[in-house]
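Okay, so here's the structure we're looking at.
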Amino acid sequence: MSDSVQDRVIRIIAEQALIDPAEVTPDATLESLGIDSLGLVESIFVIEEAFDIQVPFNANEPEKSDFDISSVAAIARAVAALVAQQKG
Amino acid sequence: MRRVVITGAGTINALGHNVPATLAAMREGRCGIGELDIRDVDRLSIRIGGQVKGYEPEAQFNRQQIVLYDRFTQFTLLAAKEAVAQSGLTFSGELALTSGVVLGTAGGGVNTWDENYRAVYEEGKNRVHPFVVPKLMNNAAASHVSMEYGLNGPTFTVATACASSNHAMGQAFWMVRSGLAPVMITGGSESMLCFGGVKAWEGLRVMSKDACRPFSANRNGMVQGEGAGVFVFEDYDHARARGADILAEVAGFCMTSDASDIVMPSAQGAERAMTGALRDARLNREDIGYINAHGTGTAANDKTECAAVAHAFGPHADRLMISSTKSMHGHLIGGTGAVELLACMMALREGVIAPTIGYEEPDPECALDVVPNVAREARVTACLSNAFAFGGLNAVIALKAV
């Protein structure tokens, strides 16, 4: 696989935000990219499908889930950790 | 304009198979939510629900009926039987020709869809039972009620997701109030506690894995329920003339649309529905002693609903009681408003306010008297029942003691 996890996550998020992947920086927040709660839930679904993982996430208590969504880089790190955990 | 009263009530839900059992559970603050007993539950991440337990269709219906009645229709017919029996009505002549049925359901025969998709997709069958369509259609329950009691008047089904029952009861109320029908059978039912029904909700990531704790700071989502609530709405003069026992008066109704988001609630839309129902009922906000909340136990609904109540009621918001009985019976989706109307009737008739159970931590964004954990005795003469659906569709009913 040539793409890094972060590149793939950026592409997924860019598609959600209807912007070019080049405009998605690692320190961007989903909010700053205009992704609302429904967009977040859909992004997580696409990530689960793309990486064939289960993401523990309850929209009622995002702060309590192990899945850090505070920035694009944080999401990529969380995805990489889940891939290692669930596919390793 | 005619006055509209309730002369019969029936239900089956996770708290009980009839109204007395349900009200007893609400008084005790008993929880009807537990582990789901359904096929393929091991493939679900959400494994709890307010399931109707101890229910044997074969004990209630014959084989010919069971092949035609989806579980949501079965629940409806059982609730209707209790309601009509309590009303003491028999339908014949002009009364039968003009009375009708308006029921709410969001999904209709979801179990029938689920079982038959499984047969053709998973098991590769190329044949389904001939009654699949008449069994799953959303109006099946309303039609079977009309057939059971020979009701030839206006009969249809309303599907507005979680507000279906309240919208249905609102239409029935208008029909009786306008003089179009002397009696309407109304309410709603839902039965989507099957693999596909729960899996669909899982996708939204708003479901709790452990409990429904409305208004509690540590709430973590909604829990599905199932069942039915059915009522007899009757012209007041008609009910008086035959000496019927009047359970409550349906005083007003209002429906609004947020016109903003397909899932996120709006405080303004909810507030307009509550103030609209008060205006329609010619009640002052100070008259309302109790609100049966929509109170789903999601982060978004509960804080939005509390903000709407605070804004609609001003200083009186701190004096009224508001509780969510979903904490006990779960969210019956299209049937929820009907079962929840029972809590309003209990408040008016018995002076008992059903609690919000599972309440553990105060949430500053839900700083109202949510009747935490224990039922309360209080004299209430008027109350509201809220339902706020996905799609931004709000429906609020006002009840008054008679």
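Ligands are numbered from 1 in the order shown, residues from 1 within each chain, and chains are lettered A, B, ... in the order they appear in the structure tokens.
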
Item to complete: Please identify which residues in range 3-196 of chain B DSSP calls strand (DSSP E) from the backbone, and express them as a PyMOL selection string.
Response: chain B and resi 4-13+34-35+48-49+100-104+155-158+183-190

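Neighbours of Thr304 in chain B closer than or equal to 9 Å, with only C-alpha atoms counted and sequence neighbours fewer than 4 positions away skipped, come out as Pro265, Ser266, Ala267, Ala270, Ala299, Ala300, Ala308, Val309, Glu365 and Cys366 of chain B.
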
Considering only C-alpha atoms, give me a table of residues in chain B that are at most 12 Å from chain A, with the closest atom pair and distance in Å for each, as CSV.
residue,atom,partner,partner_atom,distance
B:Ser45,CA,A:Pro56,CA,10.1
B:Ile46,CA,A:Asn58,CA,11.2
B:Glu202,CA,A:Asn58,CA,9.7
B:Gly203,CA,A:Phe45,CA,8.0
B:Leu204,CA,A:Val41,CA,6.8
B:Arg205,CA,A:Asn58,CA,5.1
B:Val206,CA,A:Ala59,CA,5.6
B:Met207,CA,A:Asn58,CA,7.5
B:Ser208,CA,A:Asn58,CA,8.0
B:Lys209,CA,A:Asn58,CA,9.5
B:Cys212,CA,A:Asn60,CA,11.8
B:Arg213,CA,A:Asn60,CA,11.7
B:Pro214,CA,A:Asn60,CA,11.8
B:Ala217,CA,A:Glu61,CA,10.2
B:Asn218,CA,A:Glu61,CA,8.5
B:Arg219,CA,A:Asn60,CA,7.7
B:Asn220,CA,A:Asn60,CA,5.2
B:Gly221,CA,A:Asn60,CA,5.9
B:Met222,CA,A:Asn60,CA,9.3
B:Asp261,CA,A:Leu38,CA,9.9
B:Ile262,CA,A:Leu38,CA,9.3
B:Val263,CA,A:Leu38,CA,7.9
B:Met264,CA,A:Leu38,CA,8.7
B:Thr296,CA,A:Asn60,CA,11.4
B:Gly297,CA,A:Asn60,CA,9.0
B:Thr298,CA,A:Asn60,CA,6.0
B:Ala299,CA,A:Asn60,CA,5.0
B:Ala300,CA,A:Asn60,CA,7.5
B:Asn301,CA,A:Asn60,CA,10.1
B:Asp302,CA,A:Asn60,CA,10.9
B:Lys303,CA,A:Asn60,CA,11.6

Please produce a file of the residues just selected, as a compact mmCIF listing (two decimals), in the first residue's frame, where the atoms kept are N, CA, C and O atoms.
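What ended up in result_19.txt:
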# COMPACT_ATOMS: atom_id res chain seq x y z
N SER B 45 -24.28 -4.61 17.90
CA SER B 45 -23.50 -4.02 18.98
C SER B 45 -24.44 -3.42 20.03
O SER B 45 -24.05 -3.21 21.17
N ILE B 46 -25.69 -3.13 19.64
CA ILE B 46 -26.71 -2.69 20.59
C ILE B 46 -27.58 -3.90 20.91
O ILE B 46 -28.24 -4.44 20.02
N GLU B 202 -28.44 1.32 14.90
CA GLU B 202 -27.01 1.27 15.28
C GLU B 202 -26.19 2.21 14.42
O GLU B 202 -25.27 2.88 14.90
N GLY B 203 -26.52 2.25 13.14
CA GLY B 203 -25.74 3.03 12.18
C GLY B 203 -25.63 4.49 12.55
O GLY B 203 -24.62 5.14 12.25
N LEU B 204 -26.65 5.03 13.18
CA LEU B 204 -26.64 6.46 13.52
C LEU B 204 -25.75 6.78 14.71
O LEU B 204 -25.46 7.94 14.97
N ARG B 205 -25.37 5.75 15.46
CA ARG B 205 -24.49 5.92 16.62
C ARG B 205 -25.09 6.83 17.69
O ARG B 205 -24.39 7.62 18.32
N VAL B 206 -26.38 6.71 17.87
CA VAL B 206 -27.04 7.48 18.93
C VAL B 206 -27.68 6.58 19.97
O VAL B 206 -28.40 7.04 20.85
N MET B 207 -27.42 5.26 19.86
CA MET B 207 -28.07 4.32 20.77
C MET B 207 -27.19 4.05 21.98
O MET B 207 -25.97 3.98 21.87
N SER B 208 -27.84 3.85 23.13
CA SER B 208 -27.10 3.47 24.33
C SER B 208 -26.95 1.96 24.38
O SER B 208 -27.85 1.22 24.02
N LYS B 209 -25.80 1.54 24.89
CA LYS B 209 -25.58 0.10 25.07
C LYS B 209 -26.02 -0.38 26.43
O LYS B 209 -26.07 -1.58 26.69
N CYS B 212 -31.37 3.89 29.09
CA CYS B 212 -31.90 5.18 28.64
C CYS B 212 -32.01 6.07 29.88
O CYS B 212 -32.77 5.76 30.79
N ARG B 213 -31.19 7.13 29.92
CA ARG B 213 -31.15 8.02 31.10
C ARG B 213 -31.46 9.46 30.68
O ARG B 213 -30.56 10.31 30.69
N PRO B 214 -32.70 9.73 30.37
CA PRO B 214 -33.04 11.08 29.89
C PRO B 214 -32.68 12.15 30.92
O PRO B 214 -32.83 11.94 32.13
N ALA B 217 -26.82 13.89 33.19
CA ALA B 217 -25.61 14.38 32.53
C ALA B 217 -24.83 13.24 31.87
O ALA B 217 -24.14 13.44 30.89
N ASN B 218 -24.95 12.03 32.43
CA ASN B 218 -24.21 10.90 31.86
C ASN B 218 -25.04 10.07 30.87
O ASN B 218 -24.71 8.93 30.59
N ARG B 219 -26.12 10.67 30.35
CA ARG B 219 -26.92 9.94 29.36
C ARG B 219 -26.06 9.64 28.14
O ARG B 219 -25.19 10.43 27.78
N ASN B 220 -26.33 8.50 27.52
CA ASN B 220 -25.51 8.16 26.35
C ASN B 220 -26.33 7.58 25.21
O ASN B 220 -25.83 6.80 24.42
N GLY B 221 -27.59 7.99 25.13
CA GLY B 221 -28.33 7.63 23.95
C GLY B 221 -29.69 7.02 24.22
O GLY B 221 -30.11 6.85 25.36
N MET B 222 -30.36 6.71 23.12
CA MET B 222 -31.71 6.18 23.22
C MET B 222 -31.71 4.66 23.20
O MET B 222 -30.72 4.02 22.85
N ASP B 261 -33.15 20.65 9.64
CA ASP B 261 -32.17 19.55 9.60
C ASP B 261 -32.90 18.22 9.67
O ASP B 261 -33.93 18.11 10.34
N ILE B 262 -32.39 17.20 9.01
CA ILE B 262 -33.09 15.93 8.96
C ILE B 262 -32.97 15.13 10.26
O ILE B 262 -33.82 14.28 10.55
N VAL B 263 -31.95 15.39 11.07
CA VAL B 263 -31.86 14.68 12.35
C VAL B 263 -31.73 15.58 13.58
O VAL B 263 -32.20 15.23 14.66
N MET B 264 -31.07 16.74 13.44
CA MET B 264 -30.86 17.57 14.63
C MET B 264 -32.13 18.35 14.99
O MET B 264 -32.74 18.96 14.13
N THR B 296 -35.58 11.60 24.78
CA THR B 296 -35.06 10.34 24.21
C THR B 296 -33.84 9.81 24.94
O THR B 296 -33.50 8.64 24.80
N GLY B 297 -33.15 10.70 25.68
CA GLY B 297 -31.89 10.27 26.31
C GLY B 297 -30.69 10.49 25.42
O GLY B 297 -29.59 10.06 25.75
N THR B 298 -30.88 11.18 24.29
CA THR B 298 -29.72 11.56 23.48
C THR B 298 -29.22 12.91 23.98
O THR B 298 -29.96 13.68 24.60
N ALA B 299 -27.95 13.17 23.69
CA ALA B 299 -27.36 14.45 24.11
C ALA B 299 -28.15 15.59 23.49
O ALA B 299 -28.51 16.55 24.17
N ALA B 300 -28.44 15.47 22.20
CA ALA B 300 -29.05 16.58 21.46
C ALA B 300 -30.50 16.83 21.87
O ALA B 300 -30.89 17.96 22.15
N ASN B 301 -31.32 15.78 21.89
CA ASN B 301 -32.75 16.01 22.17
C ASN B 301 -32.97 16.66 23.52
O ASN B 301 -33.68 17.65 23.63
N ASP B 302 -32.40 16.06 24.56
CA ASP B 302 -32.79 16.47 25.91
C ASP B 302 -32.44 17.92 26.22
O ASP B 302 -33.22 18.65 26.83
N LYS B 303 -31.25 18.35 25.77
CA LYS B 303 -30.90 19.75 26.07
C LYS B 303 -31.73 20.71 25.22
O LYS B 303 -32.13 21.78 25.69

Fill in: Distance query range 368-374 of chain B at most 12 Å, only C-alpha atoms, self and fewer than 5 positions along chain excluded, as a PyMOL selection string
chain B and resi 25-31+213-216+289-293+295+302-303+305-311+313-325+327-328+352-363

May I have the residues within 9 Å of range 40-43 of chain B as a PDB file with all heavy atoms, in the first residue's frame, using only C-alpha atoms and disregarding those fewer than 5 positions away in the same chain?
ATOM      1  N   CYS B 194     -36.045  -6.146  15.600  1.00  0.00           N
ATOM      2  CA  CYS B 194     -35.569  -7.334  14.896  1.00  0.00           C
ATOM      3  C   CYS B 194     -34.183  -6.949  14.379  1.00  0.00           C
ATOM      4  O   CYS B 194     -33.793  -5.786  14.465  1.00  0.00           O
ATOM      5  CB  CYS B 194     -36.503  -7.701  13.749  1.00  0.00           C
ATOM      6  SG  CYS B 194     -36.797  -6.349  12.608  1.00  0.00           S
ATOM      7  N   PHE B 195     -33.461  -7.914  13.842  1.00  0.00           N
ATOM      8  CA  PHE B 195     -32.077  -7.650  13.468  1.00  0.00           C
ATOM      9  C   PHE B 195     -31.935  -6.398  12.596  1.00  0.00           C
ATOM     10  O   PHE B 195     -31.165  -5.491  12.891  1.00  0.00           O
ATOM     11  CB  PHE B 195     -31.472  -8.870  12.760  1.00  0.00           C
ATOM     12  CG  PHE B 195     -30.042  -8.670  12.371  1.00  0.00           C
ATOM     13  CD1 PHE B 195     -29.047  -8.744  13.336  1.00  0.00           C
ATOM     14  CD2 PHE B 195     -29.697  -8.368  11.067  1.00  0.00           C
ATOM     15  CE1 PHE B 195     -27.713  -8.537  12.986  1.00  0.00           C
ATOM     16  CE2 PHE B 195     -28.373  -8.158  10.711  1.00  0.00           C
ATOM     17  CZ  PHE B 195     -27.377  -8.244  11.676  1.00  0.00           C
ATOM     18  N   LYS B 199     -30.273  -2.895  13.678  1.00  0.00           N
ATOM     19  CA  LYS B 199     -29.034  -2.601  12.928  1.00  0.00           C
ATOM     20  C   LYS B 199     -29.107  -1.218  12.288  1.00  0.00           C
ATOM     21  O   LYS B 199     -28.140  -0.461  12.279  1.00  0.00           O
ATOM     22  CB  LYS B 199     -28.802  -3.698  11.876  1.00  0.00           C
ATOM     23  CG  LYS B 199     -27.517  -3.598  11.091  1.00  0.00           C
ATOM     24  CD  LYS B 199     -26.280  -3.524  11.967  1.00  0.00           C
ATOM     25  CE  LYS B 199     -25.779  -4.864  12.436  1.00  0.00           C
ATOM     26  NZ  LYS B 199     -24.529  -4.715  13.256  1.00  0.00           N
TER      27      LYS B 199
END

Worksheet entry | Which residue of B:Asn386, B:Asn284, B:Gln60, B:Asn138 approaches Cys254 in chain B most closely, using only C-alpha atoms |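 Of B:Asn386, B:Asn284, B:Gln60, B:Asn138, the one nearest Cys254 in chain B, counting only C-alpha atoms, is B:Asn386.
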
Worksheet item: Neighbours of Ser70 in chain A within 10 Å (only C-alpha atoms; same-chain residues fewer than 4 positions away dropped), as a PyMOL selection string?
Response: chain A and resi 27-31+62-63+74-75

Item to complete: Grab the CA of Pro154 in chain B to CA of Phe131 in chain B distance for me, in Å with one decimal place.
Response: 24.4 Å

Discussion item. As a PyMOL selection string, please: the residues near range 4-18 of chain A (cut-off 7 Å, only C-alpha atoms, same-chain neighbours under 5 positions excluded).
Written reply: chain A and resi 24+33-35+39+43+73+76+80

Keeping N, CA, C and O atoms for every residue in the selection just given, could you write it to a file as an mmCIF file, in the first residue's frame?
data_model
loop_
_atom_site.group_PDB
_atom_site.id
_atom_site.type_symbol
_atom_site.label_atom_id
_atom_site.label_comp_id
_atom_site.auth_asym_id
_atom_site.auth_seq_id
_atom_site.Cartn_x
_atom_site.Cartn_y
_atom_site.Cartn_z
ATOM 1 N N VAL A 24 -7.045 19.952 2.968
ATOM 2 C CA VAL A 24 -7.227 19.382 4.307
ATOM 3 C C VAL A 24 -5.858 19.230 4.976
ATOM 4 O O VAL A 24 -5.054 18.396 4.577
ATOM 5 N N LEU A 33 -13.711 22.341 8.862
ATOM 6 C CA LEU A 33 -13.913 21.926 7.473
ATOM 7 C C LEU A 33 -15.399 21.894 7.108
ATOM 8 O O LEU A 33 -15.774 21.511 5.998
ATOM 9 N N GLY A 34 -16.230 22.276 8.080
ATOM 10 C CA GLY A 34 -17.667 22.349 7.809
ATOM 11 C C GLY A 34 -18.370 21.002 7.903
ATOM 12 O O GLY A 34 -19.440 20.812 7.335
ATOM 13 N N ILE A 35 -17.762 20.040 8.633
ATOM 14 C CA ILE A 35 -18.398 18.723 8.782
ATOM 15 C C ILE A 35 -19.215 18.718 10.070
ATOM 16 O O ILE A 35 -18.672 18.911 11.157
ATOM 17 N N GLY A 39 -22.255 14.430 9.294
ATOM 18 C CA GLY A 39 -21.086 14.220 8.437
ATOM 19 C C GLY A 39 -20.007 13.420 9.150
ATOM 20 O O GLY A 39 -19.318 12.586 8.556
ATOM 21 N N SER A 43 -18.516 9.944 8.057
ATOM 22 C CA SER A 43 -17.071 9.791 7.864
ATOM 23 C C SER A 43 -16.561 8.546 8.591
ATOM 24 O O SER A 43 -15.738 7.792 8.054
ATOM 25 N N ALA A 73 -5.230 14.850 12.003
ATOM 26 C CA ALA A 73 -4.075 14.018 12.382
ATOM 27 C C ALA A 73 -4.440 13.063 13.509
ATOM 28 O O ALA A 73 -4.016 11.898 13.512
ATOM 29 N N ALA A 76 -6.358 10.210 12.114
ATOM 30 C CA ALA A 76 -5.459 9.289 11.392
ATOM 31 C C ALA A 76 -4.695 8.414 12.374
ATOM 32 O O ALA A 76 -4.540 7.204 12.158
ATOM 33 N N ALA A 80 -4.967 4.392 12.645
ATOM 34 C CA ALA A 80 -3.768 3.532 12.565
ATOM 35 C C ALA A 80 -3.707 2.590 13.772
ATOM 36 O O ALA A 80 -3.393 1.400 13.634
#

Item to complete: Write out as a list in words which residues come within 8 Å of range 169-173 of chain B when counting only C-alpha atoms, dropping same-chain ones fewer than 5 positions away.
Response: Val4, Val101, Val102, Leu103, Met184, Ile185, Thr186, Gly187, Phe233, Val250, Phe253, Cys254, Ala395 and Ile397 of chain B

Next, the residues of the selection above should be written as an mmCIF file, in the first residue's frame with N, CA, C and O atoms.
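Contents of result_13.cif, as written:
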data_model
loop_
_atom_site.group_PDB
_atom_site.id
_atom_site.type_symbol
_atom_site.label_atom_id
_atom_site.label_comp_id
_atom_site.auth_asym_id
_atom_site.auth_seq_id
_atom_site.Cartn_x
_atom_site.Cartn_y
_atom_site.Cartn_z
ATOM 1 N N VAL B 4 -63.662 17.229 22.778
ATOM 2 C CA VAL B 4 -63.216 15.865 22.488
ATOM 3 C C VAL B 4 -62.700 15.229 23.779
ATOM 4 O O VAL B 4 -61.876 15.821 24.477
ATOM 5 N N VAL B 101 -60.553 5.341 12.044
ATOM 6 C CA VAL B 101 -59.323 4.923 12.720
ATOM 7 C C VAL B 101 -58.143 5.716 12.138
ATOM 8 O O VAL B 101 -57.930 5.703 10.927
ATOM 9 N N VAL B 102 -57.389 6.403 12.986
ATOM 10 C CA VAL B 102 -56.135 7.018 12.523
ATOM 11 C C VAL B 102 -55.028 6.553 13.457
ATOM 12 O O VAL B 102 -55.058 6.816 14.663
ATOM 13 N N LEU B 103 -54.085 5.841 12.911
ATOM 14 C CA LEU B 103 -52.995 5.297 13.723
ATOM 15 C C LEU B 103 -51.644 5.743 13.189
ATOM 16 O O LEU B 103 -51.488 5.996 11.992
ATOM 17 N N MET B 184 -63.357 8.401 17.094
ATOM 18 C CA MET B 184 -62.198 7.947 16.324
ATOM 19 C C MET B 184 -61.335 7.051 17.224
ATOM 20 O O MET B 184 -61.095 7.369 18.387
ATOM 21 N N ILE B 185 -60.905 5.935 16.650
ATOM 22 C CA ILE B 185 -59.943 5.079 17.338
ATOM 23 C C ILE B 185 -58.572 5.560 16.890
ATOM 24 O O ILE B 185 -58.304 5.666 15.686
ATOM 25 N N THR B 186 -57.694 5.849 17.843
ATOM 26 C CA THR B 186 -56.421 6.463 17.440
ATOM 27 C C THR B 186 -55.285 6.100 18.394
ATOM 28 O O THR B 186 -55.520 5.566 19.472
ATOM 29 N N GLY B 187 -54.080 6.395 17.963
ATOM 30 C CA GLY B 187 -52.888 6.050 18.745
ATOM 31 C C GLY B 187 -51.811 5.583 17.789
ATOM 32 O O GLY B 187 -51.635 6.158 16.711
ATOM 33 N N PHE B 233 -61.243 8.333 21.071
ATOM 34 C CA PHE B 233 -61.533 9.766 21.144
ATOM 35 C C PHE B 233 -63.002 9.925 20.780
ATOM 36 O O PHE B 233 -63.446 9.418 19.748
ATOM 37 N N VAL B 250 -59.186 15.900 25.487
ATOM 38 C CA VAL B 250 -58.126 16.324 24.567
ATOM 39 C C VAL B 250 -58.419 17.785 24.276
ATOM 40 O O VAL B 250 -59.410 18.124 23.618
ATOM 41 N N PHE B 253 -54.011 20.745 20.198
ATOM 42 C CA PHE B 253 -52.979 20.045 19.436
ATOM 43 C C PHE B 253 -52.271 21.059 18.544
ATOM 44 O O PHE B 253 -52.890 22.003 18.063
ATOM 45 N N CYS B 254 -50.977 20.857 18.350
ATOM 46 C CA CYS B 254 -50.259 21.705 17.394
ATOM 47 C C CYS B 254 -49.141 20.920 16.754
ATOM 48 O O CYS B 254 -48.506 20.095 17.407
ATOM 49 N N ALA B 395 -45.022 17.463 17.180
ATOM 50 C CA ALA B 395 -46.456 17.340 17.429
ATOM 51 C C ALA B 395 -46.688 17.285 18.928
ATOM 52 O O ALA B 395 -46.128 16.427 19.614
ATOM 53 N N ILE B 397 -49.617 17.446 22.093
ATOM 54 C CA ILE B 397 -51.027 17.298 22.469
ATOM 55 C C ILE B 397 -51.220 17.861 23.880
ATOM 56 O O ILE B 397 -50.390 17.626 24.762
#

Discussion item. One decimal, in Å: what's the spacing between CA of Leu78 in chain B and CA of Gln65 in chain B?
Written reply: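 It comes out at 12.7 Å.
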